[in-house]
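Colleague: Structure incoming, see below.
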Amino acid sequence: MFLYSVIVEGNVIRMKRLMKILSVAVAAVITALSMTCATTVSADVSFSPDFEVYSEAALLINLDTGDVIYSKNADKQLVPASLTKIMTAVLLLEQYADDITALSTTYVSGGYEVFDDIYLQNPSTADIQRGEKVSYKDLLYALMLRSACEAANIIAVNIGGSLGGFAEMMNLKAAQLGMDNTHFTNAHGLFWEDHYTTANDLAILTQYAMTLPMFMEVATSPTYTMEATDYHSEPRLISHTNSMMLKGSSYYYEYVKGIKTGTTDEAGRCLISTAYKDGYSYLLITLNAPQYDENGAQEMYNFIDHKNIYEWAFDTFEYTTIISGTEEIAEVPVEYGDGVDYVIVRPDAEFSRIWSKRVSPDSVHRSITLSENVIAPVKKGEKLGTMELQYGGETLAVVDLVATTDVGRSKQKEMVAVAQSFIGSDDFYNAIRYSIAFFLAYTVLIIIIKILFARANKKRAKLYVPAKRDIKRKNNW
């Protein structure tokens with residue numbers, strides 16, 4: 001039985017060591033996972049208005065949260081018209097933001113490249129002439145407010161050395177920004193083959209431009225006075241082409257600011273604008289709105305779309321808590337817990353976003369995944385699962401679930417579990433087999449030894465003959 005005891009105790013020790021190693025490994029994995037981002041925001045979930053949007057493509061983004069509120073053909077490649085000039089402005093500001101009052105030159109390649117490129121194309125202009133010295137600041141305002149095509153080309157040849165060289169710079173910048181569905185062939189946006197972009201890419205570009213010094217100051221100015229030059233003896237007042245910013249316009253909408261219009265026969269009516277109201281801010285991009293109504297009369301459907309979409313957004317959406325950071329979500333079983341056999345988990349952080357007032361947060365589907373084989377000790381805040389929030393088949397976010405309390409380890413439960421895990425195991429049955437074999441071998445050995453001893457004694461008795469003196473002494477007795 002001594003050998004049996006040794007075998008059993010040895011296996012128990014091995015099991016205890018194994019469980020300790022496993023518990024340490026599990027704790028290390030949990031700790032590593034808990035260091036990852038608590039909430040992963042996934043695909044955007046957009047809503048649809050209950051009215052017609054005339055533009056072929058549209059994208060509405062809440063600037064406070066980055067949430068996409070409405071999307072229509074946002075990845076469709078379309079002609080951007082003068083929305084192109086936002087990229088031109090970006091490259092100008094990156095080059096001359098610290099020297100914006102420097103004077104440019106219109107005499108490049110003999111003085112004709114700038115103007116011949118747009119000749120007879122009915123471009124919008126700010127009446128900048130050949131040989132006129134204009135500051136980069138005035139060029140920027142002319143570009144963004146009047147959508148001046150000659151200003152775009154002057155900027156292009158001064159920065160890129162040529163119109164083609166500047167187009168290469170535009171495409172390089174687009175690639176750097178991640179505008180994967182965009183290709184530029186000119187700085188002004190008049191129709192050229194192989195010149196296209198998407199609403200999503202324009203959102204990337206515009207949000208980057210908004211971070212640059214002066215951009216929003218320029219792009220949201222209703223009017224600007226250009227300085228006098230040798231060709232214009234008096235300062236000139238120019239107005240923004242976005243009539244939604246101009247009081248007195250039939251399209252005036254007091255909450256709109258900037259940013260850029262664009263219209264060609266191929267591109268339709270395009271517009272990028274922002275709007276601010278009641279603490280909420282939005283960016284809206286629309287492409288290829290019709291230019292004429294059903295009767296053939298000109299209509300500014302881009303302005304109509306922007307006003308309708310903004311009013312819908314301000315009336316319908318608000319910042320909403322989808323999941324609270326204190327809500328108890330589920331119970332996770334814990335092995336060897338001291339006094340408890342489970343721990344409650346909650347979201348590691350609150351998840352909120354812009355949400356429709358007409359849609360209850362309770363309609364968001366929760367897909368919960370909990371950790372298995374959790375072994376005490378458990379620390380408060382340890383990640384023990386995830387919860388995927390879904391709406392309309394799209395994922396809103398993946399939220400980490402963490403322990404709400406500490407759970408200590410019970411040594412008694414551990415020992416009982418180790419013993420229970422040993423009984424019935426292969427090692428247990430091997431130990432029994434080894435013990436039986438040892439007992440049988442020991443018994444056989446004892447029997448053999450007894451037999452050998454008996455035979456030896458018998459043989460010794462036969463060989464023994466008493467001496468004569470012993471016989472004589474015996475007879476005398």
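Residues in the structure tokens are named by chain (A, B, ... in the order shown) and by number from 1 within that chain; ligands are numbered from 1 in the order shown.
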Mind checking DSSP for stretch 291-351 of chain A and telling me the strand (DSSP E or B) residues as a PyMOL selection string?

Modeller: chain A and resi 292+298+317-323+330-335+337+342-347+351

Colleague: Residues near stretch 74-78 of chain A, anyone? I mean within 9 Å using only C-alpha atoms, not counting same-chain ones fewer than 6 positions away, as a VMD selection string.

Modeller: chain A and resid 56 to 59 181 to 182 195 to 201 267 287 to 288

Colleague: Give me the residues within 12 Å of A:His183 as JSON, numbers by chain, counting only C-alpha atoms and dropping any in the same chain fewer than 2 places off.

Modeller: {"A": [77, 78, 79, 80, 84, 87, 167, 168, 169, 170, 171, 172, 173, 174, 175, 178, 179, 180, 181, 185, 186, 187, 189, 192, 193, 194, 195, 196, 197, 198, 201, 202]}

Colleague: Create the file for the chosen residues now, containing N, CA and C atoms and written as a short mmCIF file (atom, residue, chain, number, x, y, z; two decimals), in the first residue's frame.

Modeller:
```cif
data_model
loop_
_atom_site.label_atom_id
_atom_site.label_comp_id
_atom_site.auth_asym_id
_atom_site.auth_seq_id
_atom_site.Cartn_x
_atom_site.Cartn_y
_atom_site.Cartn_z
N GLN A 77 -18.43 55.93 -58.02
CA GLN A 77 -17.53 56.89 -58.64
C GLN A 77 -18.32 57.83 -59.55
N LEU A 78 -18.24 59.12 -59.25
CA LEU A 78 -18.96 60.14 -59.99
C LEU A 78 -18.04 61.32 -60.27
N VAL A 79 -18.51 62.20 -61.16
CA VAL A 79 -17.74 63.39 -61.51
C VAL A 79 -17.96 64.46 -60.44
N PRO A 80 -16.89 65.03 -59.86
CA PRO A 80 -17.07 65.96 -58.74
C PRO A 80 -17.21 67.43 -59.11
N THR A 84 -13.62 69.46 -56.73
CA THR A 84 -12.20 69.20 -56.94
C THR A 84 -11.33 70.26 -56.28
N MET A 87 -9.28 69.88 -52.96
CA MET A 87 -7.93 69.32 -53.00
C MET A 87 -6.92 70.39 -53.41
N ALA A 167 -1.48 67.84 -60.99
CA ALA A 167 -2.43 66.73 -60.96
C ALA A 167 -1.79 65.51 -60.32
N GLU A 168 -0.51 65.29 -60.59
CA GLU A 168 0.19 64.18 -59.95
C GLU A 168 0.26 64.39 -58.44
N MET A 169 0.49 65.64 -58.02
CA MET A 169 0.51 65.93 -56.59
C MET A 169 -0.86 65.68 -55.96
N MET A 170 -1.91 66.02 -56.68
CA MET A 170 -3.27 65.78 -56.17
C MET A 170 -3.52 64.30 -55.95
N ASN A 171 -3.11 63.48 -56.90
CA ASN A 171 -3.33 62.04 -56.79
C ASN A 171 -2.47 61.42 -55.69
N LEU A 172 -1.25 61.95 -55.53
CA LEU A 172 -0.40 61.46 -54.45
C LEU A 172 -1.03 61.77 -53.09
N LYS A 173 -1.55 62.98 -52.95
CA LYS A 173 -2.20 63.36 -51.69
C LYS A 173 -3.45 62.52 -51.45
N ALA A 174 -4.21 62.27 -52.51
CA ALA A 174 -5.41 61.44 -52.38
C ALA A 174 -5.04 60.05 -51.88
N ALA A 175 -3.96 59.49 -52.41
CA ALA A 175 -3.51 58.17 -51.98
C ALA A 175 -3.08 58.20 -50.51
N GLY A 178 -6.00 58.06 -48.24
CA GLY A 178 -6.84 56.86 -48.31
C GLY A 178 -8.05 57.02 -49.21
N MET A 179 -7.97 57.96 -50.16
CA MET A 179 -9.07 58.15 -51.11
C MET A 179 -8.88 57.16 -52.25
N ASP A 180 -9.26 55.93 -52.01
CA ASP A 180 -8.92 54.83 -52.92
C ASP A 180 -9.74 54.80 -54.19
N ASN A 181 -10.84 55.51 -54.22
CA ASN A 181 -11.72 55.51 -55.41
C ASN A 181 -11.72 56.85 -56.12
N THR A 185 -7.43 64.69 -62.72
CA THR A 185 -6.65 65.04 -63.91
C THR A 185 -6.46 66.54 -64.06
N ASN A 186 -7.14 67.33 -63.22
CA ASN A 186 -6.97 68.78 -63.26
C ASN A 186 -7.27 69.39 -61.91
N ALA A 187 -6.97 70.67 -61.77
CA ALA A 187 -7.10 71.36 -60.48
C ALA A 187 -8.43 72.07 -60.31
N GLY A 189 -11.73 71.02 -61.93
CA GLY A 189 -12.92 70.18 -61.93
C GLY A 189 -13.76 70.27 -63.18
N TRP A 192 -13.05 66.38 -67.53
CA TRP A 192 -12.00 65.66 -68.25
C TRP A 192 -12.24 64.18 -68.03
N GLU A 193 -11.80 63.38 -69.00
CA GLU A 193 -11.87 61.94 -68.83
C GLU A 193 -10.98 61.51 -67.65
N ASP A 194 -11.37 60.44 -67.00
CA ASP A 194 -10.59 59.84 -65.91
C ASP A 194 -10.45 60.78 -64.71
N HIS A 195 -11.46 61.60 -64.50
CA HIS A 195 -11.48 62.51 -63.35
C HIS A 195 -12.74 62.16 -62.54
N TYR A 196 -12.56 61.54 -61.39
CA TYR A 196 -13.72 61.04 -60.66
C TYR A 196 -13.38 60.90 -59.17
N THR A 197 -14.43 60.76 -58.37
CA THR A 197 -14.28 60.51 -56.93
C THR A 197 -15.59 59.95 -56.40
N THR A 198 -15.70 59.84 -55.08
CA THR A 198 -16.92 59.33 -54.44
C THR A 198 -17.29 60.24 -53.26
N ASP A 201 -14.95 59.39 -50.36
CA ASP A 201 -13.61 59.97 -50.51
C ASP A 201 -13.64 61.48 -50.30
N LEU A 202 -14.68 62.14 -50.75
CA LEU A 202 -14.78 63.59 -50.53
C LEU A 202 -14.97 63.90 -49.04
#
```

Colleague: Distance table requested - stretch 40-86 of chain A against stretch 315-328 of chain A, cut-off 12 Å, only C-alpha atoms: one row per qualifying residue with the closest atom pair and its distance in Å to one decimal, ordered by chain and rising residue number, as a Markdown table.

Modeller:
```
| residue | atom | partner | partner_atom | distance |
| --- | --- | --- | --- | --- |
| A:Ser46 | CA | A:Phe317 | CA | 11.4 |
| A:Phe47 | CA | A:Phe317 | CA | 10.0 |
| A:Ser48 | CA | A:Thr316 | CA | 11.0 |
| A:Pro49 | CA | A:Thr316 | CA | 9.5 |
| A:Asp50 | CA | A:Thr316 | CA | 11.2 |
| A:Ile61 | CA | A:Phe317 | CA | 11.9 |
| A:Asn62 | CA | A:Phe317 | CA | 10.0 |
| A:Asp64 | CA | A:Tyr319 | CA | 9.6 |
| A:Thr65 | CA | A:Tyr319 | CA | 9.0 |
| A:Gly66 | CA | A:Tyr319 | CA | 11.9 |
| A:Asp67 | CA | A:Tyr319 | CA | 10.5 |
| A:Val68 | CA | A:Phe317 | CA | 11.7 |
| A:Ile69 | CA | A:Phe317 | CA | 8.7 |
| A:Tyr70 | CA | A:Phe317 | CA | 11.3 |
```

Colleague: Next, dump the selected residues to file, keeping only N, CA and C atoms, as a PDB file, in the first residue's frame.

Modeller:
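File produced: result-v4.pdb:
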```
ATOM      1  N   SER A  46     -26.616  53.493 -41.020  1.00  0.00           N
ATOM      2  CA  SER A  46     -27.277  54.728 -41.424  1.00  0.00           C
ATOM      3  C   SER A  46     -28.791  54.543 -41.454  1.00  0.00           C
ATOM      4  N   PHE A  47     -29.495  55.663 -41.456  1.00  0.00           N
ATOM      5  CA  PHE A  47     -30.952  55.690 -41.489  1.00  0.00           C
ATOM      6  C   PHE A  47     -31.402  56.361 -42.786  1.00  0.00           C
ATOM      7  N   SER A  48     -32.626  56.120 -43.161  1.00  0.00           N
ATOM      8  CA  SER A  48     -33.146  56.690 -44.407  1.00  0.00           C
ATOM      9  C   SER A  48     -34.262  57.673 -44.104  1.00  0.00           C
ATOM     10  N   PRO A  49     -34.233  58.843 -44.748  1.00  0.00           N
ATOM     11  CA  PRO A  49     -35.310  59.820 -44.542  1.00  0.00           C
ATOM     12  C   PRO A  49     -36.587  59.381 -45.250  1.00  0.00           C
ATOM     13  N   ASP A  50     -37.689  60.001 -44.881  1.00  0.00           N
ATOM     14  CA  ASP A  50     -38.980  59.650 -45.473  1.00  0.00           C
ATOM     15  C   ASP A  50     -39.359  60.604 -46.601  1.00  0.00           C
ATOM     16  N   ILE A  61     -22.644  62.997 -42.223  1.00  0.00           N
ATOM     17  CA  ILE A  61     -21.804  62.575 -41.111  1.00  0.00           C
ATOM     18  C   ILE A  61     -21.974  63.551 -39.950  1.00  0.00           C
ATOM     19  N   ASN A  62     -22.169  62.999 -38.754  1.00  0.00           N
ATOM     20  CA  ASN A  62     -22.163  63.839 -37.569  1.00  0.00           C
ATOM     21  C   ASN A  62     -20.718  64.135 -37.195  1.00  0.00           C
ATOM     22  N   ASP A  64     -19.511  65.582 -34.603  1.00  0.00           N
ATOM     23  CA  ASP A  64     -19.201  65.459 -33.182  1.00  0.00           C
ATOM     24  C   ASP A  64     -18.757  64.044 -32.820  1.00  0.00           C
ATOM     25  N   THR A  65     -19.314  63.064 -33.501  1.00  0.00           N
ATOM     26  CA  THR A  65     -19.026  61.666 -33.174  1.00  0.00           C
ATOM     27  C   THR A  65     -18.383  60.892 -34.316  1.00  0.00           C
ATOM     28  N   GLY A  66     -18.497  61.408 -35.539  1.00  0.00           N
ATOM     29  CA  GLY A  66     -18.014  60.680 -36.698  1.00  0.00           C
ATOM     30  C   GLY A  66     -19.011  59.654 -37.215  1.00  0.00           C
ATOM     31  N   ASP A  67     -20.196  59.582 -36.623  1.00  0.00           N
ATOM     32  CA  ASP A  67     -21.205  58.616 -37.054  1.00  0.00           C
ATOM     33  C   ASP A  67     -21.776  58.999 -38.414  1.00  0.00           C
ATOM     34  N   VAL A  68     -21.918  58.009 -39.286  1.00  0.00           N
ATOM     35  CA  VAL A  68     -22.616  58.198 -40.549  1.00  0.00           C
ATOM     36  C   VAL A  68     -24.113  58.081 -40.281  1.00  0.00           C
ATOM     37  N   ILE A  69     -24.845  59.134 -40.607  1.00  0.00           N
ATOM     38  CA  ILE A  69     -26.281  59.159 -40.336  1.00  0.00           C
ATOM     39  C   ILE A  69     -27.073  58.692 -41.549  1.00  0.00           C
ATOM     40  N   TYR A  70     -26.619  59.120 -42.724  1.00  0.00           N
ATOM     41  CA  TYR A  70     -27.329  58.760 -43.958  1.00  0.00           C
ATOM     42  C   TYR A  70     -26.314  58.544 -45.063  1.00  0.00           C
TER      43      TYR A  70
END
```

Colleague: Mind the document's chain letters and residue numbers, and return as a ChimeraX atom specification the residues of stretch 236-346 of chain A that DSSP labels alpha helix (DSSP H).

Modeller: /A:301-316

Colleague: I'd like the contact shell of A:Val218 - 9 Å cut-off, only C-alpha atoms, skipping same-chain residues fewer than 3 positions apart - returned as a list in words.

Modeller: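 Here the qualifying residues turn out to be Leu140, Tyr141, Met144, Leu145, Met214, Phe215, Ser221, Pro222, Tyr224, Gly258 and Ile259 of chain A.
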
Colleague: Can I get the selected residues back with C-alpha atoms, as a PDB file, in the first residue's frame?

Modeller:
```pdb
ATOM      1  CA  LEU A 140      -7.688  80.895 -52.081  1.00  0.00           C
ATOM      2  CA  TYR A 141     -10.801  83.015 -51.537  1.00  0.00           C
ATOM      3  CA  MET A 144     -13.413  78.620 -52.706  1.00  0.00           C
ATOM      4  CA  LEU A 145     -16.002  81.422 -52.913  1.00  0.00           C
ATOM      5  CA  MET A 214      -7.590  79.075 -42.625  1.00  0.00           C
ATOM      6  CA  PHE A 215      -9.588  76.484 -44.558  1.00  0.00           C
ATOM      7  CA  SER A 221     -17.144  83.193 -45.529  1.00  0.00           C
ATOM      8  CA  PRO A 222     -20.278  84.492 -47.313  1.00  0.00           C
ATOM      9  CA  TYR A 224     -14.716  88.500 -49.298  1.00  0.00           C
ATOM     10  CA  GLY A 258     -19.700  76.690 -46.573  1.00  0.00           C
ATOM     11  CA  ILE A 259     -18.116  74.751 -48.097  1.00  0.00           C
TER      12      ILE A 259
END
```

Colleague: Find the distance between atom CA of A:Asn302 and atom CA of A:Ser281 and write it in Å to one decimal.

Modeller: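 Taking atom CA of A:Asn302 as the start and atom CA of A:Ser281 as the end point, the length is 19.1 Å.
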
Colleague: Rounded to one decimal place, report the atom CA of A:Arg130-atom CA of A:Glu113 distance in Å.

Modeller: 10.3 Å

Colleague: Calculated over only C-alpha atoms, which of the candidates A:Tyr119, A:Phe51, A:Tyr429, A:Tyr434 has the smallest distance to A:Ile309?

Modeller: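 Of A:Tyr119, A:Phe51, A:Tyr429, A:Tyr434, the one nearest A:Ile309 is A:Phe51, counting only C-alpha atoms.
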
Colleague: Residues at most 6 Å from A:Thr404, counting only C-alpha atoms, excluding those fewer than 5 positions away in the same chain, as a ChimeraX atom specification?

Modeller: /A:344-345,380

Colleague: How far is it from atom CA of A:Asp293 to atom CA of A:Ser243, in Å with one decimal?

Modeller: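 The value is 18.5 Å.
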
Colleague: Using only C-alpha atoms, which residue out of A:Asn242, A:Thr443, A:Asn122, A:Asn457 lies closest to A:Asp265?

Modeller: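 Using only C-alpha atoms, A:Asp265 sits closest to A:Asn122.
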